Amino acid sequence: MRTIDKRLTAKLAPVLVKRAPTLTLPFDARGKSRLAATLDNGEEVALVMPRGTVLADGDMLVADDGGFVRVIAAAEDVLVVRAPSVRLLTRAAYHLGNRHTPVEVGADYLKLEADPVLEDMLKRLGVLVAHDSQPFQPETGAYGGGHKHGHDESFSEDYALAQKVFDEHHGHDHSHDHDHDHDHSSCGHDHGHEHHHHGHAHR
């Protein structure tokens with residue numbers, strides 16, 4: 001079984017892009033760093049990407065044998081939000097952002113995973129909400145990897161890493177014997193933000 005472990009940053013010749021087998025994945029799977037997947041030609045592969053990688057439509061990946069694979073963003077159930085005014089659309093984006101919902105931001109639309117609770121909220125705000133089946137490529141970066149919920153499997157690891165970096169940055173050299181094992185994963189995103197605030201307090 002081939003392992004796919006690199007994303008190509010260089011541009012490939014169009015003929016190589018065209019010839020590469022494709023891997024069609026929904027957004028959720030494109031953010032996983034470890035994944036058993038099946039290429040569209042039926043070949044089973046193991047995806048082993050650096051943590052925090054979120055694959056996008058058109059990304060070219062390299063397998064351990066040097067072969068290329070092209071990522072396709074799968075069509076999935078989404079809500080497409082449009083509004084009669086920029087203000088209303090911006091307001092909808094604000095309320096979705098408040099709920100840490102991954103959102104794809106277009107020139108005149110917002111797109112999110114279909115969710116009846118959010119759909120209801122959006123309709124109450126007065127925007128137009130349509131169901132569709134489309135590729136979903138939300139904004140990433142603001143919260144790490146565009147994690148959907150604080151308690152997805154990589155959150156506690158990301159949190160532990162952030163904690164370690166924070167401690168090193170502030171020169172906490174006292175021993176960390178005391179119990180650090182309690183799991184923060186159920187508390188959502190807030191811990192990360194609290195730590196940033198401490199950071200500024202130390203200066």
# chains A, B, ... in the order shown; residues from 1 in each chain; ligands from 1
call {"tool": "residues_around", "arguments": {"residues": "A:Ala75", "least_positions_apart": "3", "cutoff": "8 Å", "atoms": "only C-alpha atoms", "output": "ChimeraX atom specification"}}
result
/A:26,133-136
call {"tool": "residues_around", "arguments": {"residues": "A:Thr24", "least_positions_apart": "3", "cutoff": "7 Å", "atoms": "only C-alpha atoms", "output": "list in words"}}
result
Asp40, Val71, Ile72, Ala73 and Ala74 of chain A
call {"tool": "closest_residue", "arguments": {"among": "A:Lys111, A:Pro116, A:Val45, A:Thr101", "to": "A:Leu61", "atoms": "only C-alpha atoms"}}
result
A:Val45
call {"tool": "residues_around", "arguments": {"residues": "A:Tyr109", "least_positions_apart": "3", "cutoff": "8 Å", "atoms": "only C-alpha atoms", "output": "PyMOL selection string"}}
result
chain A and resi 80-83+89+105-106
call {"tool": "residues_around", "arguments": {"residues": "A:Thr90", "least_positions_apart": "2", "cutoff": "12 Å", "atoms": "only C-alpha atoms", "output": "ChimeraX atom specification"}}
result
/A:81-88,92-97,105-110,122,125-127
call {"tool": "residues_around", "arguments": {"residues": "A:Ala20", "least_positions_apart": "2", "cutoff": "6 Å", "atoms": "only C-alpha atoms", "output": "PDB file with C-alpha atoms, in the first residue's frame"}}
result
ATOM      1  CA  VAL A  17      -1.603  17.011 -13.224  1.00  0.00           C
ATOM      2  CA  LYS A  18      -3.997  15.520 -15.752  1.00  0.00           C
ATOM      3  CA  PHE A  68       1.407  12.185  -7.771  1.00  0.00           C
ATOM      4  CA  VAL A  69      -2.188  12.292  -6.570  1.00  0.00           C
TER       5      VAL A  69
END
